[in-house]
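Written below as structure tokens is the structure these notes are about.
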Amino acid sequence: MDTKIFRYFTVLEEQRNFSRAAQELYLSPQGLNSAIRRLEGEVGQPLIEVRNGAVELTDFGRVFSLHACEMAASLAGLHAEIDALAARKANNIRIGCATGVLGYLGEENLFAFNERDRARISVVEEVPDTLCERHLVAGAYDFGLITNPVESPDLVCLSLCDDFQFVWVNKEHPLSARDELSSADLAGQAVMTMDRSYKNTGALERLLASAGVEVDMSYSGEMMRIYEFARTNRGLGITCRNHGESVGSNTVACLPFRGLKWGYSLCYRKDRLLSEAEASFVDFMLARRRVFA
């Protein structure tokens with residue numbers, strides 16, 4: 001039995017449609033249908049039937065589904081472990097980054113490790129922080145650079161940065177004369193921040209709620225759109241230190257917002273035994289820890 005069939009079956013069960021399932025699996029509907037028919041031939045029983053255009057499981061299909069889900073998950077875990085072992089033997093260290101962290105850290109600071117050690121760093125992906133944390137727990141990479149707080153109890157977390165956020169304010173706005181801003185200063189203001197897939201957006205909402213501060217909140221997935229929101233004086237934009245430092249402007253001030261904490265950690269799974277190269281990488285990153293009062 002071709003082990004790919006377990007994933008084919010679980011996707012077909014979820015989608016309940018050959019065309020949609022085939023699209024997700026990068027197969028033709030005819031190819032998927034042939035694979036399922038071969039499976040039924042091997043099992044010796046009908047596993048699915050199509051009613052009014054929707055795929056339904058037979059009683060035999062429901063029994064097969066219980067095992068197929070377990071097998072698909074087990075095979076995915078097997079492939080992840082094989083990939084991790086191959087990377088380790090080649091002294092490749094795979095990193096996942098929460099969106100924004102690599103820009104804050106500076107790519108040159110991360111890849112400088114390649115110049116002093118036989119191991120090689122590769123960034124697998126940059127995704128929103130909650131997704132990065134989930135993928136690290138699932139074994140998609142060896143280490144994650146994840147914004148705080150890291151919630152999974154399955155991870156070792158070493159803080160690399162303790163900072164706070166900043167606010168972009170048009171220099172014509174009365175608040176631009178302040179040295180820094182507090183939650184109370186945002187009351188009644190139009191405020192734009194990153195979308196709700198980012199931890200710090202939730203932290204901002206909780207901070208304002210606890211202070212009893214109401215704002216006209218809007219969201220964006222693009223930091224430069226938030227900057228333009230402030231530059232055109234439509235409201236205030238929440239940002240990080242590195243964006244404030246890199247975007248020099250005669251129009252916009254970037255003021256500290258110390259009440260809204262921001263930072264990130266180097267994380268890896270608790271069940272991971274670090275290789276010599278990985279331990280060296282941990283020491284390398286801890287030497288670059290940054291703390292702001």
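By convention in this document, the chains of the structure tokens carry letters A, B, ... by their order, each chain's residues are numbered from 1, and ligands are numbered from 1 in the order they are shown.
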Using 6 Å as the limit and counting only C-alpha atoms, can you tabulate each residue of region 244-276 of chain A that touches region 155-171 of chain A, with its shortest atom-to-atom distance in Å and the two atoms involved, as a Markdown table?
| residue | atom | partner | partner_atom | distance |
| --- | --- | --- | --- | --- |
| A:Thr251 | CA | A:Lys171 | CA | 5.7 |
| A:Val252 | CA | A:Asn170 | CA | 4.4 |
| A:Ala253 | CA | A:Val169 | CA | 5.2 |
| A:Cys254 | CA | A:Trp168 | CA | 4.6 |
| A:Leu255 | CA | A:Val167 | CA | 5.2 |
| A:Pro256 | CA | A:Phe166 | CA | 4.4 |
| A:Phe257 | CA | A:Phe166 | CA | 4.9 |
| A:Arg258 | CA | A:Phe164 | CA | 5.2 |
| A:Leu260 | CA | A:Phe164 | CA | 5.6 |
| A:Lys261 | CA | A:Phe164 | CA | 4.1 |
| A:Trp262 | CA | A:Phe164 | CA | 4.6 |
| A:Gly263 | CA | A:Asp162 | CA | 4.7 |
| A:Tyr264 | CA | A:Cys161 | CA | 5.4 |
| A:Ser265 | CA | A:Ser159 | CA | 4.1 |
| A:Leu266 | CA | A:Leu158 | CA | 5.1 |
| A:Cys267 | CA | A:Cys157 | CA | 4.5 |
| A:Tyr268 | CA | A:Val156 | CA | 5.4 |
| A:Arg269 | CA | A:Leu155 | CA | 4.4 |
| A:Lys270 | CA | A:Leu155 | CA | 5.2 |
Requested write-out: N, CA, C and O atoms of the selected residues, as an mmCIF file, in the first residue's frame:
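And here is the file that came out, out26.cif:
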data_model
loop_
_atom_site.group_PDB
_atom_site.id
_atom_site.type_symbol
_atom_site.label_atom_id
_atom_site.label_comp_id
_atom_site.auth_asym_id
_atom_site.auth_seq_id
_atom_site.Cartn_x
_atom_site.Cartn_y
_atom_site.Cartn_z
ATOM 1 N N THR A 251 8.679 64.541 8.964
ATOM 2 C CA THR A 251 7.241 64.702 9.156
ATOM 3 C C THR A 251 6.735 63.972 10.387
ATOM 4 O O THR A 251 5.773 64.405 11.025
ATOM 5 N N VAL A 252 7.390 62.863 10.733
ATOM 6 C CA VAL A 252 6.870 61.967 11.769
ATOM 7 C C VAL A 252 7.873 61.803 12.907
ATOM 8 O O VAL A 252 9.063 61.589 12.675
ATOM 9 N N ALA A 253 7.374 61.913 14.141
ATOM 10 C CA ALA A 253 8.180 61.605 15.326
ATOM 11 C C ALA A 253 7.898 60.168 15.737
ATOM 12 O O ALA A 253 6.800 59.646 15.516
ATOM 13 N N CYS A 254 8.895 59.505 16.321
ATOM 14 C CA CYS A 254 8.722 58.139 16.811
ATOM 15 C C CYS A 254 8.982 58.157 18.315
ATOM 16 O O CYS A 254 10.120 58.289 18.760
ATOM 17 N N LEU A 255 7.918 58.034 19.099
ATOM 18 C CA LEU A 255 7.990 58.232 20.544
ATOM 19 C C LEU A 255 7.901 56.910 21.302
ATOM 20 O O LEU A 255 7.119 56.027 20.931
ATOM 21 N N PRO A 256 8.668 56.752 22.369
ATOM 22 C CA PRO A 256 8.591 55.528 23.177
ATOM 23 C C PRO A 256 7.211 55.334 23.792
ATOM 24 O O PRO A 256 6.576 56.297 24.230
ATOM 25 N N PHE A 257 6.772 54.083 23.835
ATOM 26 C CA PHE A 257 5.529 53.695 24.486
ATOM 27 C C PHE A 257 5.901 52.578 25.464
ATOM 28 O O PHE A 257 5.700 51.410 25.216
ATOM 29 N N ARG A 258 6.498 52.968 26.592
ATOM 30 C CA ARG A 258 7.119 52.018 27.503
ATOM 31 C C ARG A 258 6.141 51.054 28.154
ATOM 32 O O ARG A 258 6.525 49.978 28.609
ATOM 33 N N LEU A 260 3.927 49.354 26.728
ATOM 34 C CA LEU A 260 3.653 48.222 25.855
ATOM 35 C C LEU A 260 4.966 47.492 25.578
ATOM 36 O O LEU A 260 5.781 47.916 24.759
ATOM 37 N N LYS A 261 5.177 46.395 26.277
ATOM 38 C CA LYS A 261 6.441 45.673 26.179
ATOM 39 C C LYS A 261 6.540 44.915 24.860
ATOM 40 O O LYS A 261 5.546 44.517 24.271
ATOM 41 N N TRP A 262 7.776 44.711 24.409
ATOM 42 C CA TRP A 262 8.040 43.931 23.209
ATOM 43 C C TRP A 262 9.388 43.248 23.371
ATOM 44 O O TRP A 262 10.297 43.802 23.993
ATOM 45 N N GLY A 263 9.500 42.070 22.852
ATOM 46 C CA GLY A 263 10.771 41.352 22.906
ATOM 47 C C GLY A 263 10.638 40.018 22.209
ATOM 48 O O GLY A 263 9.568 39.659 21.706
ATOM 49 N N TYR A 264 11.723 39.268 22.172
ATOM 50 C CA TYR A 264 11.679 37.954 21.535
ATOM 51 C C TYR A 264 12.675 37.031 22.212
ATOM 52 O O TYR A 264 13.594 37.466 22.920
ATOM 53 N N SER A 265 12.474 35.737 21.974
ATOM 54 C CA SER A 265 13.316 34.707 22.587
ATOM 55 C C SER A 265 13.803 33.721 21.536
ATOM 56 O O SER A 265 13.163 33.534 20.487
ATOM 57 N N LEU A 266 14.926 33.096 21.839
ATOM 58 C CA LEU A 266 15.405 31.953 21.065
ATOM 59 C C LEU A 266 14.821 30.702 21.707
ATOM 60 O O LEU A 266 15.017 30.478 22.907
ATOM 61 N N CYS A 267 14.102 29.908 20.940
ATOM 62 C CA CYS A 267 13.375 28.772 21.497
ATOM 63 C C CYS A 267 13.738 27.474 20.785
ATOM 64 O O CYS A 267 14.044 27.471 19.595
ATOM 65 N N TYR A 268 13.678 26.390 21.546
ATOM 66 C CA TYR A 268 13.805 25.059 20.962
ATOM 67 C C TYR A 268 13.033 24.087 21.843
ATOM 68 O O TYR A 268 12.710 24.376 23.001
ATOM 69 N N ARG A 269 12.729 22.931 21.291
ATOM 70 C CA ARG A 269 11.919 21.959 22.028
ATOM 71 C C ARG A 269 12.679 21.385 23.213
ATOM 72 O O ARG A 269 13.881 21.144 23.145
ATOM 73 N N LYS A 270 11.961 21.149 24.306
ATOM 74 C CA LYS A 270 12.580 20.636 25.530
ATOM 75 C C LYS A 270 13.166 19.237 25.346
ATOM 76 O O LYS A 270 14.094 18.860 26.066
#
Q: Just the residues within 12 Å of Asn114 (chain A), please, counting only C-alpha atoms, with nothing from its chain fewer than 4 positions along; format it as number ranges by chain.
A: A: 91-93, 107-110, 118-122, 277, 280-281, 284
Q: Quick one: everything within 9 Å of region 128-133 of chain A, counting only C-alpha atoms, minus sequence neighbours fewer than 6 positions away in the same chain. Send it as number ranges by chain.
A: A: 96-100, 144-148, 150-152, 155, 197-199, 267
Q: Would you list the contacts of Gly221 (chain A) as a list in words, taking every protein, DNA or RNA residue within 9 Å and counting only C-alpha atoms, but skipping same-chain residues closer than 5 positions in sequence?
A: Thr193, Met194, Asp195, Ser197 and Ile226 of chain A
Q.
Using DSSP secondary structure from the backbone, list all strand (DSSP E) positions within region 39-268 of chain A, as a ChimeraX atom specification.
A. /A:48-51,54-57,92-98,120-127,143-147,155-170,190-194,216-220,236-239,252-268
Keeping only C-alpha atoms, write the selected residues as a PDB file, in the first residue's frame.
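Output file out-v3.pdb is given in full below:
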ATOM      1  CA  ILE A  48     -16.674   6.034   0.043  1.00  0.00           C
ATOM      2  CA  GLU A  49     -19.809   6.839  -1.881  1.00  0.00           C
ATOM      3  CA  VAL A  50     -20.896  10.020  -3.607  1.00  0.00           C
ATOM      4  CA  ARG A  51     -24.295  11.421  -2.682  1.00  0.00           C
ATOM      5  CA  ALA A  54     -20.598  15.103  -1.920  1.00  0.00           C
ATOM      6  CA  VAL A  55     -18.211  12.355  -0.817  1.00  0.00           C
ATOM      7  CA  GLU A  56     -19.510  10.361   2.153  1.00  0.00           C
ATOM      8  CA  LEU A  57     -17.753   7.597   4.072  1.00  0.00           C
ATOM      9  CA  ASN A  92      22.646  22.753   9.113  1.00  0.00           C
ATOM     10  CA  ILE A  93      20.640  24.693  11.693  1.00  0.00           C
ATOM     11  CA  ARG A  94      17.116  25.475  10.556  1.00  0.00           C
ATOM     12  CA  ILE A  95      15.522  28.618  11.954  1.00  0.00           C
ATOM     13  CA  GLY A  96      11.929  29.798  11.962  1.00  0.00           C
ATOM     14  CA  CYS A  97      11.346  33.505  12.586  1.00  0.00           C
ATOM     15  CA  ALA A  98       8.294  35.354  13.783  1.00  0.00           C
ATOM     16  CA  ARG A 120      25.280  26.784   8.514  1.00  0.00           C
ATOM     17  CA  ILE A 121      22.177  28.789   9.408  1.00  0.00           C
ATOM     18  CA  SER A 122      19.166  28.689   7.104  1.00  0.00           C
ATOM     19  CA  VAL A 123      15.876  30.538   7.654  1.00  0.00           C
ATOM     20  CA  VAL A 124      13.032  28.183   6.812  1.00  0.00           C
ATOM     21  CA  GLU A 125      10.234  30.749   7.019  1.00  0.00           C
ATOM     22  CA  GLU A 126       9.024  34.022   8.483  1.00  0.00           C
ATOM     23  CA  VAL A 127       5.438  33.766   9.716  1.00  0.00           C
ATOM     24  CA  PHE A 143      15.115  26.842  16.617  1.00  0.00           C
ATOM     25  CA  GLY A 144      12.570  29.618  16.577  1.00  0.00           C
ATOM     26  CA  LEU A 145      13.024  33.347  17.072  1.00  0.00           C
ATOM     27  CA  ILE A 146       9.631  34.065  18.569  1.00  0.00           C
ATOM     28  CA  THR A 147       8.132  37.203  20.065  1.00  0.00           C
ATOM     29  CA  LEU A 155       9.730  24.859  24.575  1.00  0.00           C
ATOM     30  CA  VAL A 156      12.929  26.105  26.176  1.00  0.00           C
ATOM     31  CA  CYS A 157      12.917  29.895  25.798  1.00  0.00           C
ATOM     32  CA  LEU A 158      15.988  32.106  26.163  1.00  0.00           C
ATOM     33  CA  SER A 159      15.204  35.802  26.115  1.00  0.00           C
ATOM     34  CA  LEU A 160      17.268  37.717  23.549  1.00  0.00           C
ATOM     35  CA  CYS A 161      15.534  41.083  23.705  1.00  0.00           C
ATOM     36  CA  ASP A 162      13.519  43.023  26.287  1.00  0.00           C
ATOM     37  CA  ASP A 163      12.213  46.234  24.762  1.00  0.00           C
ATOM     38  CA  PHE A 164       9.050  48.295  24.425  1.00  0.00           C
ATOM     39  CA  GLN A 165       7.065  49.593  21.485  1.00  0.00           C
ATOM     40  CA  PHE A 166       6.990  53.018  19.874  1.00  0.00           C
ATOM     41  CA  VAL A 167       4.348  55.267  18.358  1.00  0.00           C
ATOM     42  CA  TRP A 168       4.624  57.143  15.083  1.00  0.00           C
ATOM     43  CA  VAL A 169       3.072  60.616  15.461  1.00  0.00           C
ATOM     44  CA  ASN A 170       2.799  63.305  12.821  1.00  0.00           C
ATOM     45  CA  ALA A 190      -7.287  56.864  15.861  1.00  0.00           C
ATOM     46  CA  VAL A 191      -4.635  54.167  16.205  1.00  0.00           C
ATOM     47  CA  MET A 192      -3.351  51.698  13.606  1.00  0.00           C
ATOM     48  CA  THR A 193      -1.407  48.577  14.545  1.00  0.00           C
ATOM     49  CA  MET A 194      -0.543  45.168  13.095  1.00  0.00           C
ATOM     50  CA  ASP A 216     -10.525  54.056  17.229  1.00  0.00           C
ATOM     51  CA  MET A 217      -8.451  50.985  16.336  1.00  0.00           C
ATOM     52  CA  SER A 218      -7.608  49.816  12.820  1.00  0.00           C
ATOM     53  CA  TYR A 219      -5.271  47.064  11.659  1.00  0.00           C
ATOM     54  CA  SER A 220      -2.837  46.327   8.856  1.00  0.00           C
ATOM     55  CA  LEU A 236      -1.106  57.230  15.448  1.00  0.00           C
ATOM     56  CA  GLY A 237       0.864  54.179  14.320  1.00  0.00           C
ATOM     57  CA  ILE A 238       2.229  51.478  16.631  1.00  0.00           C
ATOM     58  CA  THR A 239       5.696  50.297  15.640  1.00  0.00           C
ATOM     59  CA  VAL A 252       6.870  61.967  11.769  1.00  0.00           C
ATOM     60  CA  ALA A 253       8.180  61.605  15.326  1.00  0.00           C
ATOM     61  CA  CYS A 254       8.722  58.139  16.811  1.00  0.00           C
ATOM     62  CA  LEU A 255       7.990  58.232  20.544  1.00  0.00           C
ATOM     63  CA  PRO A 256       8.591  55.528  23.177  1.00  0.00           C
ATOM     64  CA  PHE A 257       5.529  53.695  24.486  1.00  0.00           C
ATOM     65  CA  ARG A 258       7.119  52.018  27.503  1.00  0.00           C
ATOM     66  CA  GLY A 259       3.895  50.553  28.826  1.00  0.00           C
ATOM     67  CA  LEU A 260       3.653  48.222  25.855  1.00  0.00           C
ATOM     68  CA  LYS A 261       6.441  45.673  26.179  1.00  0.00           C
ATOM     69  CA  TRP A 262       8.040  43.931  23.209  1.00  0.00           C
ATOM     70  CA  GLY A 263      10.771  41.352  22.906  1.00  0.00           C
ATOM     71  CA  TYR A 264      11.679  37.954  21.535  1.00  0.00           C
ATOM     72  CA  SER A 265      13.316  34.707  22.587  1.00  0.00           C
ATOM     73  CA  LEU A 266      15.405  31.953  21.065  1.00  0.00           C
ATOM     74  CA  CYS A 267      13.375  28.772  21.497  1.00  0.00           C
ATOM     75  CA  TYR A 268      13.805  25.059  20.962  1.00  0.00           C
TER      76      TYR A 268
END
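Closest approach to Arg37 (chain A) among A:Phe9, A:Leu136, A:Phe113, A:Pro174 is made by A:Phe9 (distances from only C-alpha atoms).
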Q: Please indicate the distance in Å from CA of Asp271 (chain A) to CA of Val137 (chain A), rounded to one decimal place.
A: 10.3 Å
